[in-house]
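Have a look at work-v8.txt; it's compact mmCIF, C-alpha atoms and all ligand atoms:
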# COMPACT_ATOMS: atom_id res chain seq x y z
CA MET A 1169 23.05 -8.48 20.49
CA THR A 1170 21.00 -7.84 23.61
CA ASN A 1171 20.95 -4.27 24.84
CA THR A 1172 18.58 -4.52 27.79
CA ASN A 1173 21.11 -2.82 30.12
CA LEU A 1174 20.53 0.47 28.34
CA THR A 1175 18.23 2.98 30.04
CA HIS A 1176 15.12 4.17 28.18
CA ASP A 1177 16.85 7.41 27.30
CA SER A 1178 20.13 6.00 25.99
CA ALA A 1179 18.42 3.29 23.94
CA PRO A 1180 17.73 4.06 20.27
CA ILE A 1181 14.47 4.98 18.65
CA VAL A 1182 13.56 1.67 17.03
CA ILE A 1183 11.55 1.66 13.80
CA ILE A 1184 10.07 -1.67 12.64
CA GLY A 1185 9.91 -1.73 8.84
CA THR A 1186 11.92 -0.25 5.97
CA GLY A 1187 9.06 0.46 3.58
CA LEU A 1188 8.13 3.99 2.59
CA SER A 1189 6.86 4.62 6.13
CA GLY A 1190 9.99 3.47 7.96
CA TYR A 1191 12.51 5.20 5.70
CA SER A 1192 10.40 8.38 5.29
CA LEU A 1193 10.17 8.70 9.05
CA ALA A 1194 13.92 8.18 9.46
CA ARG A 1195 14.57 10.84 6.82
CA GLU A 1196 12.23 13.31 8.55
CA VAL A 1197 13.82 12.64 11.95
CA ARG A 1198 17.28 13.29 10.52
CA LYS A 1199 16.15 16.67 9.17
CA LEU A 1200 15.39 17.67 12.77
CA ASP A 1201 18.03 15.80 14.76
CA LYS A 1202 21.37 14.59 13.37
CA ASN A 1203 22.36 12.62 16.45
CA VAL A 1204 19.49 10.71 18.03
CA PRO A 1205 20.30 6.98 17.58
CA LEU A 1206 18.00 5.27 15.08
CA LEU A 1207 17.76 1.52 14.61
CA LEU A 1208 15.62 0.06 11.81
CA LEU A 1209 14.57 -3.58 11.96
CA THR A 1210 13.15 -5.20 8.87
CA ALA A 1211 11.97 -8.66 7.89
CA ASP A 1212 13.05 -8.04 4.27
CA ASP A 1213 16.33 -7.13 2.55
CA GLY A 1214 16.04 -3.45 3.51
CA HIS A 1215 16.29 -2.05 -0.01
CA SER A 1216 14.65 1.34 -0.40
CA TYR A 1217 12.13 1.42 -3.23
CA SER A 1218 8.92 3.17 -4.20
CA LYS A 1219 6.16 0.58 -3.95
CA PRO A 1220 3.81 2.37 -6.41
CA MET A 1221 6.44 1.73 -9.11
CA LEU A 1222 5.70 -2.02 -8.86
CA SER A 1223 2.59 -1.56 -10.99
CA THR A 1224 4.41 0.43 -13.70
CA GLY A 1225 7.48 -1.81 -14.07
CA PHE A 1226 6.60 -3.22 -17.49
CA THR A 1227 5.58 0.08 -19.08
CA LYS A 1228 8.73 1.74 -17.77
CA GLU A 1229 10.81 -1.34 -18.57
CA LYS A 1230 12.29 -1.52 -15.08
CA THR A 1231 13.63 -4.74 -13.63
CA PRO A 1232 13.21 -5.39 -9.88
CA GLU A 1233 16.90 -4.45 -9.48
CA GLN A 1234 16.31 -1.12 -11.22
CA LEU A 1235 13.34 -0.40 -8.94
CA SER A 1236 15.60 -0.52 -5.88
CA MET A 1237 16.83 3.00 -5.19
CA ALA A 1238 19.35 2.18 -2.45
CA ASP A 1239 20.56 -0.85 -0.51
CA PRO A 1240 20.41 -0.84 3.31
CA GLY A 1241 24.12 -0.02 3.57
CA LYS A 1242 23.63 3.14 1.54
CA MET A 1243 20.53 4.10 3.55
CA ALA A 1244 22.45 3.56 6.80
CA GLU A 1245 25.26 5.80 5.58
CA GLN A 1246 23.00 8.52 4.15
CA LEU A 1247 20.83 8.77 7.26
CA SER A 1248 23.39 7.85 9.95
CA LEU A 1249 21.40 4.93 11.27
CA GLU A 1250 21.63 1.20 11.73
CA VAL A 1251 19.53 -1.23 9.66
CA ARG A 1252 19.17 -4.87 10.59
CA THR A 1253 17.81 -6.83 7.64
CA PHE A 1254 15.99 -10.19 7.59
CA THR A 1255 15.14 -9.49 11.23
CA ALA A 1256 11.50 -10.18 12.00
CA VAL A 1257 10.21 -8.75 15.26
CA THR A 1258 8.29 -11.40 17.16
CA GLY A 1259 6.98 -9.50 20.16
CA ILE A 1260 6.77 -6.19 22.01
CA ASP A 1261 6.99 -5.78 25.77
CA ALA A 1262 5.82 -2.19 26.05
CA PRO A 1263 6.00 -1.80 29.86
CA ARG A 1264 9.71 -2.83 29.73
CA HIS A 1265 10.39 -0.89 26.47
CA ILE A 1266 11.59 -4.03 24.73
CA VAL A 1267 11.14 -5.61 21.29
CA ARG A 1268 11.71 -9.31 20.84
CA ILE A 1269 13.40 -10.98 17.91
CA GLY A 1270 13.04 -14.62 18.83
CA ASP A 1271 15.02 -15.01 22.06
CA GLU A 1272 16.79 -11.71 21.65
CA GLU A 1273 15.58 -8.62 23.54
CA LEU A 1274 16.28 -5.07 22.35
CA LYS A 1275 15.62 -1.97 24.40
CA TYR A 1276 14.08 1.11 22.78
CA SER A 1277 13.54 4.66 23.94
CA LYS A 1278 10.60 5.05 21.55
CA LEU A 1279 9.21 2.38 19.26
CA VAL A 1280 7.60 3.00 15.88
CA ILE A 1281 5.64 0.25 14.14
CA ALA A 1282 5.76 0.64 10.36
CA TRP A 1283 5.33 -2.99 9.39
CA GLY A 1284 2.69 -2.52 6.69
CA ALA A 1285 -0.23 -4.66 5.59
CA ASN A 1286 -0.78 -8.29 4.69
CA ILE A 1287 -2.12 -9.43 1.36
CA VAL A 1288 -5.61 -10.91 1.54
CA LYS A 1289 -5.21 -14.50 0.33
CA LEU A 1290 -8.09 -16.46 -1.19
CA ASP A 1291 -8.24 -20.12 -0.37
CA ILE A 1292 -8.50 -21.41 -3.94
CA PRO A 1293 -8.11 -25.15 -4.52
CA GLY A 1294 -6.40 -26.85 -7.44
CA SER A 1295 -3.12 -28.25 -8.71
CA GLY A 1296 -1.93 -24.94 -10.22
CA THR A 1297 -1.88 -22.66 -7.19
CA ASP A 1298 1.93 -22.39 -7.31
CA LYS A 1299 1.31 -20.13 -10.33
CA VAL A 1300 -0.82 -17.71 -8.27
CA PHE A 1301 1.15 -14.63 -7.17
CA ALA A 1302 0.26 -11.71 -4.92
CA ILE A 1303 2.48 -8.63 -5.12
CA ASN A 1304 2.97 -6.32 -2.15
CA ASP A 1305 6.72 -5.82 -2.06
CA LEU A 1306 9.85 -5.97 -4.15
CA ALA A 1307 10.52 -9.62 -3.25
CA ASP A 1308 6.99 -10.63 -4.36
CA TYR A 1309 7.52 -8.67 -7.56
CA ARG A 1310 10.84 -10.39 -8.25
CA LEU A 1311 9.24 -13.83 -7.84
CA PHE A 1312 6.39 -12.86 -10.16
CA ARG A 1313 8.78 -11.56 -12.84
CA GLU A 1314 10.88 -14.71 -12.61
CA SER A 1315 7.77 -16.87 -13.03
CA LEU A 1316 6.89 -15.09 -16.28
CA ASN A 1317 10.01 -16.16 -18.11
CA GLU A 1318 8.84 -16.52 -21.75
CA LYS A 1319 5.15 -16.65 -20.81
CA LYS A 1320 2.64 -14.20 -22.22
CA ARG A 1321 -0.81 -14.79 -20.65
CA ILE A 1322 -1.87 -13.40 -17.27
CA LEU A 1323 -5.11 -13.62 -15.35
CA ILE A 1324 -5.68 -11.01 -12.65
CA MET A 1325 -8.14 -11.67 -9.83
CA GLY A 1326 -9.57 -8.34 -8.66
CA ALA A 1327 -10.46 -5.10 -10.46
CA GLY A 1328 -9.50 -2.70 -7.69
CA LEU A 1329 -6.70 -0.16 -7.88
CA ILE A 1330 -3.85 -2.65 -7.91
CA GLY A 1331 -5.59 -5.13 -10.25
CA CYS A 1332 -6.41 -2.41 -12.79
CA GLU A 1333 -2.94 -0.88 -12.60
CA PHE A 1334 -1.29 -4.25 -13.22
CA ALA A 1335 -3.76 -4.93 -16.06
CA ASN A 1336 -2.79 -1.68 -17.77
CA ASP A 1337 0.92 -2.14 -17.16
CA LEU A 1338 1.05 -5.75 -18.34
CA LYS A 1339 -1.12 -5.10 -21.41
CA ILE A 1340 1.12 -2.21 -22.49
CA GLY A 1341 4.09 -4.45 -21.69
CA GLY A 1342 2.90 -6.92 -24.35
CA TYR A 1343 0.96 -9.48 -22.27
CA ASP A 1344 -2.44 -11.00 -22.87
CA VAL A 1345 -4.56 -9.96 -19.85
CA ASP A 1346 -7.81 -11.32 -18.39
CA VAL A 1347 -9.32 -9.73 -15.28
CA VAL A 1348 -11.86 -11.67 -13.20
CA ALA A 1349 -13.77 -9.76 -10.51
CA PRO A 1350 -17.03 -10.18 -8.61
CA SER A 1351 -17.94 -6.49 -9.05
CA ASP A 1352 -20.01 -5.02 -11.89
CA THR A 1353 -17.18 -2.78 -13.02
CA ALA A 1354 -13.66 -1.54 -12.27
CA LEU A 1355 -12.52 0.11 -9.01
CA PRO A 1356 -15.85 -0.48 -7.25
CA SER A 1357 -14.78 0.61 -3.79
CA LEU A 1358 -12.98 3.73 -4.99
CA LEU A 1359 -15.08 5.19 -7.82
CA PRO A 1360 -18.80 5.75 -8.42
CA THR A 1361 -20.08 3.24 -11.00
CA ALA A 1362 -20.03 5.62 -14.00
CA ALA A 1363 -16.36 6.48 -13.41
CA GLY A 1364 -15.46 2.82 -12.84
CA GLU A 1365 -17.14 1.94 -16.15
CA SER A 1366 -15.14 4.65 -17.86
CA VAL A 1367 -11.86 3.13 -16.61
CA ALA A 1368 -13.00 -0.39 -17.55
CA GLU A 1369 -13.87 0.83 -21.05
CA GLY A 1370 -10.46 2.48 -21.45
CA LEU A 1371 -8.72 -0.73 -20.41
CA ALA A 1372 -10.97 -2.86 -22.61
CA ASN A 1373 -10.12 -0.58 -25.55
CA VAL A 1374 -6.43 -1.45 -25.22
CA GLY A 1375 -7.32 -5.16 -25.11
CA VAL A 1376 -7.83 -6.09 -21.43
CA ARG A 1377 -10.60 -8.71 -21.19
CA PHE A 1378 -12.85 -8.23 -18.14
CA HIS A 1379 -15.02 -10.98 -16.64
CA PHE A 1380 -17.20 -9.02 -14.21
CA GLY A 1381 -19.61 -10.64 -11.77
CA ARG A 1382 -17.42 -13.75 -11.61
CA VAL A 1383 -14.89 -15.28 -9.23
CA VAL A 1384 -12.18 -17.89 -9.76
CA THR A 1385 -13.07 -21.09 -7.93
CA GLN A 1386 -10.19 -23.37 -8.94
CA VAL A 1387 -6.74 -23.13 -10.56
CA ASP A 1388 -5.30 -26.33 -12.08
CA ALA A 1389 -2.03 -27.04 -13.82
CA LEU A 1390 -2.31 -27.34 -17.61
CA GLY A 1391 0.89 -27.88 -19.57
CA LYS A 1392 3.35 -25.13 -18.59
CA GLY A 1393 0.48 -22.87 -17.52
CA VAL A 1394 -2.83 -23.19 -15.70
CA VAL A 1395 -6.54 -23.30 -16.33
CA ALA A 1396 -8.76 -21.19 -14.08
CA THR A 1397 -12.34 -22.29 -13.50
CA LEU A 1398 -14.88 -19.54 -12.79
CA ASP A 1399 -18.03 -19.84 -10.68
CA ASP A 1400 -20.25 -20.17 -13.78
CA GLY A 1401 -18.25 -23.23 -14.89
CA SER A 1402 -16.41 -21.39 -17.68
CA THR A 1403 -12.62 -21.70 -17.93
CA ILE A 1404 -9.73 -19.45 -18.88
CA GLU A 1405 -6.37 -20.86 -19.95
CA THR A 1406 -3.52 -18.69 -18.83
CA ASP A 1407 0.13 -18.89 -17.77
CA VAL A 1408 0.26 -17.01 -14.49
CA VAL A 1409 -2.34 -15.63 -12.07
CA ILE A 1410 -2.04 -12.42 -10.03
CA SER A 1411 -4.23 -12.22 -6.94
CA ALA A 1412 -5.06 -8.57 -6.24
CA VAL A 1413 -8.03 -8.85 -3.91
CA GLY A 1414 -6.98 -6.52 -1.12
CA LEU A 1415 -4.67 -5.68 1.75
CA LYS A 1416 -5.28 -5.77 5.49
CA PRO A 1417 -3.19 -3.92 8.08
CA ARG A 1418 -0.89 -6.26 10.07
CA THR A 1419 -2.38 -6.26 13.56
CA ALA A 1420 -1.89 -9.77 15.02
CA LEU A 1421 1.51 -9.17 16.63
CA ALA A 1422 0.39 -5.83 18.03
CA LYS A 1423 -2.74 -7.41 19.47
CA ASN A 1424 -0.75 -10.25 21.04
CA SER A 1425 1.56 -7.65 22.57
CA GLY A 1426 -1.38 -5.91 24.25
CA LEU A 1427 -1.80 -2.94 21.92
CA GLN A 1428 -5.30 -1.80 21.00
CA VAL A 1429 -6.22 -2.78 17.45
CA ASN A 1430 -9.29 -2.40 15.31
CA ASN A 1431 -9.06 -2.43 11.49
CA GLY A 1432 -5.46 -1.33 12.01
CA ILE A 1433 -3.25 -0.59 15.01
CA VAL A 1434 -5.22 2.11 16.78
CA VAL A 1435 -3.35 5.44 17.09
CA ASN A 1436 -4.43 8.98 17.84
CA ARG A 1437 -3.57 12.08 15.82
CA THR A 1438 -0.11 12.12 17.43
CA LEU A 1439 0.33 8.56 16.09
CA GLU A 1440 0.54 7.14 19.65
CA THR A 1441 -0.77 3.64 20.23
CA SER A 1442 -2.51 2.61 23.45
CA GLU A 1443 0.96 1.98 24.98
CA MET A 1444 3.32 4.71 26.11
CA ASP A 1445 6.25 5.46 23.76
CA VAL A 1446 4.90 3.14 21.06
CA PHE A 1447 3.76 4.75 17.79
CA ALA A 1448 2.52 3.46 14.43
CA LEU A 1449 2.15 4.84 10.90
CA GLY A 1450 1.61 3.70 7.32
CA ASP A 1451 -0.36 0.69 6.08
CA CYS A 1452 -0.52 -0.93 9.54
CA ALA A 1453 -2.04 2.06 11.34
CA GLU A 1454 -5.59 3.21 11.95
CA VAL A 1455 -5.15 6.92 12.54
CA ASP A 1456 -8.05 8.49 14.39
CA GLY A 1457 -10.42 5.86 12.96
CA GLN A 1458 -9.09 5.84 9.39
CA VAL A 1459 -6.93 3.27 7.60
CA LEU A 1460 -5.46 4.99 4.52
CA LEU A 1461 -3.30 2.64 2.44
CA TYR A 1462 -1.64 5.37 0.36
CA VAL A 1463 1.62 7.26 0.17
CA LEU A 1464 0.48 10.85 0.84
CA PRO A 1465 -1.08 10.06 4.24
CA LEU A 1466 1.99 8.15 5.40
CA MET A 1467 4.25 11.06 4.36
CA ALA A 1468 2.11 13.48 6.39
CA CYS A 1469 2.32 11.06 9.33
CA ALA A 1470 6.11 10.77 8.97
CA ARG A 1471 6.54 14.56 9.09
CA ALA A 1472 4.32 14.93 12.17
CA LEU A 1473 5.80 11.94 14.00
CA ALA A 1474 9.38 13.10 13.41
CA LYS A 1475 8.51 16.31 15.28
CA THR A 1476 6.93 14.37 18.12
CA LEU A 1477 9.90 12.01 18.41
CA THR A 1478 12.32 14.94 18.54
CA GLY A 1479 10.51 16.75 21.32
CA THR A 1480 7.62 18.70 19.77
CA PRO A 1481 4.39 16.71 20.09
CA THR A 1482 2.54 17.26 16.80
CA ASP A 1483 -0.81 16.08 15.48
CA VAL A 1484 -0.96 14.89 11.88
CA SER A 1485 -3.13 16.91 9.53
CA TYR A 1486 -3.70 15.62 6.04
CA GLY A 1487 -5.21 18.30 3.84
CA VAL A 1488 -6.61 17.30 0.46
CA MET A 1489 -5.16 14.06 -0.93
CA PRO A 1490 -6.56 12.98 -4.31
CA ILE A 1491 -5.72 9.43 -5.43
CA MET A 1492 -4.53 9.04 -9.00
CA THR A 1493 -4.77 5.68 -10.72
CA LYS A 1494 -1.83 4.61 -12.85
CA THR A 1495 -4.11 3.50 -15.69
CA PRO A 1496 -3.01 5.60 -18.68
CA ALA A 1497 -5.53 3.73 -20.89
CA CYS A 1498 -8.07 5.83 -18.97
CA PRO A 1499 -6.52 8.02 -16.28
CA ALA A 1500 -8.65 8.59 -13.20
CA VAL A 1501 -8.37 10.72 -10.11
CA VAL A 1502 -10.59 10.48 -7.08
CA LEU A 1503 -11.01 12.32 -3.86
CA PRO A 1504 -13.37 10.03 -1.98
CA PRO A 1505 -15.89 11.65 0.33
CA ARG A 1506 -15.47 10.66 3.98
CA PRO A 1507 -17.26 7.34 4.62
CA ASP A 1508 -19.68 9.11 6.97
CA SER A 1509 -20.56 11.84 4.41
CA GLU A 1510 -24.18 12.01 3.34
CA GLY A 1511 -25.04 13.26 -0.12
CA GLN A 1512 -25.10 12.12 -3.71
CA TRP A 1513 -22.98 11.78 -6.81
CA LEU A 1514 -23.82 14.04 -9.76
CA ILE A 1515 -22.53 12.59 -13.01
CA GLU A 1516 -21.51 14.48 -16.16
CA ARG A 1517 -20.27 12.63 -19.27
CA ASN A 1518 -18.34 13.64 -22.34
CA GLY A 1519 -18.13 10.52 -24.50
CA SER A 1520 -16.59 7.93 -22.23
CA HIS A 1521 -15.00 10.55 -19.95
CA VAL A 1522 -16.73 11.14 -16.63
CA LYS A 1523 -16.87 13.92 -14.07
CA ALA A 1524 -18.59 12.87 -10.85
CA LEU A 1525 -19.11 15.36 -8.03
CA PHE A 1526 -20.22 14.31 -4.56
CA ASN A 1527 -22.27 17.08 -2.96
CA ASP A 1528 -23.68 17.01 0.56
CA HIS A 1529 -27.26 18.00 1.34
CA ASN A 1530 -26.23 21.66 1.52
CA GLY A 1531 -24.79 21.46 -1.98
CA SER A 1532 -21.17 21.75 -0.90
CA LEU A 1533 -18.58 19.59 -2.61
CA GLN A 1534 -17.27 16.72 -0.43
CA GLY A 1535 -15.48 14.62 -3.05
CA PHE A 1536 -15.01 13.99 -6.74
CA ALA A 1537 -14.02 11.37 -9.30
CA LEU A 1538 -12.70 12.35 -12.73
CA THR A 1539 -11.71 10.19 -15.68
CA GLY A 1540 -10.09 10.90 -19.04
CA ASP A 1541 -9.96 14.58 -20.06
CA PHE A 1542 -11.83 15.64 -16.91
CA THR A 1543 -8.74 14.78 -14.82
CA ALA A 1544 -7.42 18.21 -15.88
CA GLU A 1545 -9.90 19.69 -13.37
CA LYS A 1546 -8.24 17.96 -10.41
CA GLN A 1547 -6.47 20.99 -9.00
CA ALA A 1548 -9.36 23.42 -9.34
CA LEU A 1549 -11.77 20.97 -7.66
CA SER A 1550 -9.28 20.06 -4.91
CA LYS A 1551 -9.40 23.68 -3.75
CA LEU A 1552 -13.15 23.41 -3.19
CA VAL A 1553 -13.14 20.25 -1.04
CA PRO A 1554 -12.43 20.20 2.69
CA GLY A 1555 -9.33 18.11 3.56
CA ILE A 1556 -9.42 15.01 5.72
CA HIS A 1557 -8.99 16.51 9.16
C1 LIG A 1601 1.36 -2.47 -6.53
C2 LIG A 1601 1.05 -1.31 -5.62
C3 LIG A 1601 0.89 -0.05 -6.18
C4 LIG A 1601 0.60 1.04 -5.35
N1 LIG A 1601 0.43 2.27 -5.93
C5 LIG A 1601 0.17 3.33 -5.14
C6 LIG A 1601 0.02 4.65 -5.70
O1 LIG A 1601 0.10 4.83 -6.92
N2 LIG A 1601 -0.22 5.69 -4.87
C7 LIG A 1601 -0.31 5.53 -3.52
O2 LIG A 1601 -0.52 6.51 -2.80
N3 LIG A 1601 -0.19 4.29 -2.95
C8 LIG A 1601 0.07 3.20 -3.73
N4 LIG A 1601 0.21 1.98 -3.16
C9 LIG A 1601 0.17 1.87 -1.68
C10 LIG A 1601 1.51 2.31 -1.06
O3 LIG A 1601 2.58 1.84 -1.83
C11 LIG A 1601 1.59 1.83 0.40
O4 LIG A 1601 0.58 2.52 1.11
C12 LIG A 1601 2.94 2.09 1.07
O5 LIG A 1601 4.02 1.72 0.25
C13 LIG A 1601 2.99 1.37 2.42
O6 LIG A 1601 4.25 1.54 3.01
P1 LIG A 1601 4.56 0.98 4.47
O7 LIG A 1601 5.99 1.35 4.73
O8 LIG A 1601 3.54 1.40 5.44
O9 LIG A 1601 4.44 -0.61 4.35
P2 LIG A 1601 5.39 -1.66 3.57
O10 LIG A 1601 5.96 -1.07 2.34
O11 LIG A 1601 4.58 -2.89 3.43
O12 LIG A 1601 6.61 -1.93 4.54
C14 LIG A 1601 6.50 -2.78 5.66
C15 LIG A 1601 7.89 -3.07 6.18
O13 LIG A 1601 7.76 -3.76 7.43
C16 LIG A 1601 8.58 -4.93 7.42
N5 LIG A 1601 8.00 -5.91 8.35
C17 LIG A 1601 6.79 -6.50 8.31
N6 LIG A 1601 6.62 -7.29 9.40
C18 LIG A 1601 7.74 -7.18 10.14
C19 LIG A 1601 8.17 -7.72 11.37
N7 LIG A 1601 7.41 -8.54 12.11
N8 LIG A 1601 9.43 -7.40 11.82
C20 LIG A 1601 10.22 -6.57 11.11
N9 LIG A 1601 9.84 -6.01 9.95
C21 LIG A 1601 8.63 -6.29 9.47
C22 LIG A 1601 8.59 -5.37 5.95
O14 LIG A 1601 9.68 -6.22 5.71
C23 LIG A 1601 8.71 -3.98 5.29
O15 LIG A 1601 10.05 -3.55 5.32
C24 LIG A 1601 0.48 0.86 -3.95
C25 LIG A 1601 0.62 -0.42 -3.39
C26 LIG A 1601 0.91 -1.50 -4.23
C27 LIG A 1601 1.06 -2.87 -3.63
Could you write out this structure as structure tokens?
Amino acid sequence: MTNTNLTHDSAPIVIIGTGLSGYSLAREVRKLDKNVPLLLLTADDGHSYSKPMLSTGFTKEKTPEQLSMADPGKMAEQLSLEVRTFTAVTGIDAPRHIVRIGDEELKYSKLVIAWGANIVKLDIPGSGTDKVFAINDLADYRLFRESLNEKKRILIMGAGLIGCEFANDLKIGGYDVDVVAPSDTALPSLLPTAAGESVAEGLANVGVRFHFGRVVTQVDALGKGVVATLDDGSTIETDVVISAVGLKPRTALAKNSGLQVNNGIVVNRTLETSEMDVFALGDCAEVDGQVLLYVLPLMACARALAKTLTGTPTDVSYGVMPIMTKTPACPAVVLPPRPDSEGQWLIERNGSHVKALFNDHNGSLQGFALTGDFTAEKQALSKLVPGIH
């Protein structure tokens, strides 16, 4: 199908991606306009699912099939739109209002990029790297689950949010879990050290084995599993490895198409890129200087962008968005201070539970991190912190 004879106005709004960003935006647009043509293009199978559920699948005993909430046909019917699955966009010609899918050219009236983030991949040598999995979508998750089969031992590289959540989920799901990370404790980029230690202790208490200050340097096949060699020469025998060392907004295609990129695709508060009628949101976007790889920010963006796309230009405003870790062995909630905030963390402990408050030099609260019983104070503290504006 090539629709380049359409004018800008009669062409559909094209959304690239059917993750939470793409489908949330489509849903918000439909609340405001029942008729504007919407076309969603996606490289995957177009199933609608909640990505955060991927790191609770074992505890909740959900198969990949059960995590899918709707197939693309159902989404198309519910939201009166067209979805083209297994359709990877290969280029954008913004001056001509065209997206490319190989040789095919499709005209858009407005284009929204919601194509997410890439997994950071470590270049680890060895004969067992086919047993190393990284999980950032339902298809990755399906492959990982299939690889487990009857196996019981898992090594996780990385002790950030996703590594710790998988550690908790798999341990509760009956697996033997080792976590190897170069940091001194858990969640180092999200929590102050005392709160990270509290989460690590909670996970260790349910049987997760941490190897902090270490990295995996090699993964070799050993029987039906693998042996991982760490940088101090020690080894861990395991069945399957999860790599959870980070995500990076997908920017290459945008850059090649002439859009301004930095850590993500650069957009302003109205979610406009450097090119007219091209917008971005979700894991791929850097909104007014901030890349926020979480659900609440993308929902706020979807609501604002739907208004803009239907004729009312609207800036996104976020409000207060605490991040909750899905680590029931030691629940944690954090509202990180802005990266440019100056101040200090004040730590209070009750046993292994931690309350950390980040005050600026004037003594006003700019962020907090709570673990264990202190998480009950989330709402009260949220009211005292300025939102991300
Ligand atoms: C295991 C895990 C647990 C998480 N837990 C939480 C949590 O508890 N709370 C929270 O706030 N956040 C959590 N997150 C983060 C959150 O899930 C993401 O921020 C969010 O799902 C990103 O959605 P997205 O639509 O922007 O990107 P994605 O879901 O990655 O969707 C990208 C879409 O773009 C498509 N695509 C990519 N390239 C192309 C192309 N060239 N052409 C066409 N289509 C393309 C893909 O096929 C896909 O459909 C978690 C993330 C993970 C991995």
- Message: Distance limit 8 Å, reference ligand LIG 1601 (chain A), atoms considered: all atoms listed in the file. Which residues make the cut? Give them as a ChimeraX atom specification.
- Response: /A:1184-1191,1209-1214,1218-1223,1254-1258,1282-1286,1303-1305,1329-1330,1333-1334,1418,1421,1449-1452,1460-1466,1491-1494
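Computed from the coordinates, the CA of Leu1503 in chain A to CA of Ile1287 in chain A distance equals 24.1 Å.
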- Query: Given the choices A:Lys1392, A:His1379, A:Arg1506, A:His1215, which gets closest to Glu1318 in chain A if the distance is worked out from all atoms listed in the file?
  - Reply: A:Lys1392
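Between Asn1527 in chain A and the residues A:Ala1238, A:Gln1547, A:Glu1510, A:Cys1498, the shortest atom-to-atom distance, using only C-alpha atoms, involves A:Glu1510.
Between Glu1545 in chain A and the residues A:Arg1268, A:Lys1199, A:Lys1523, A:Lys1319, the shortest atom-to-atom distance, using all atoms listed in the file, involves A:Lys1523.
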- Message: List as a list in words the protein and nucleic acid residues near Asp1400 in chain A, meaning an atom at most 12 Å away when only C-alpha atoms are counted, but skip any in the same chain fewer than 2 places from it.
- Response: Val1348, Pro1350, His1379, Phe1380, Gly1381, Arg1382, Val1383, Val1384, Thr1385, Gln1386, Ala1396, Thr1397, Leu1398, Ser1402, Thr1403 and Ile1404 of chain A
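Computed from the coordinates, the CA of Asp1352 in chain A to CA of Val1522 in chain A distance equals 17.2 Å.
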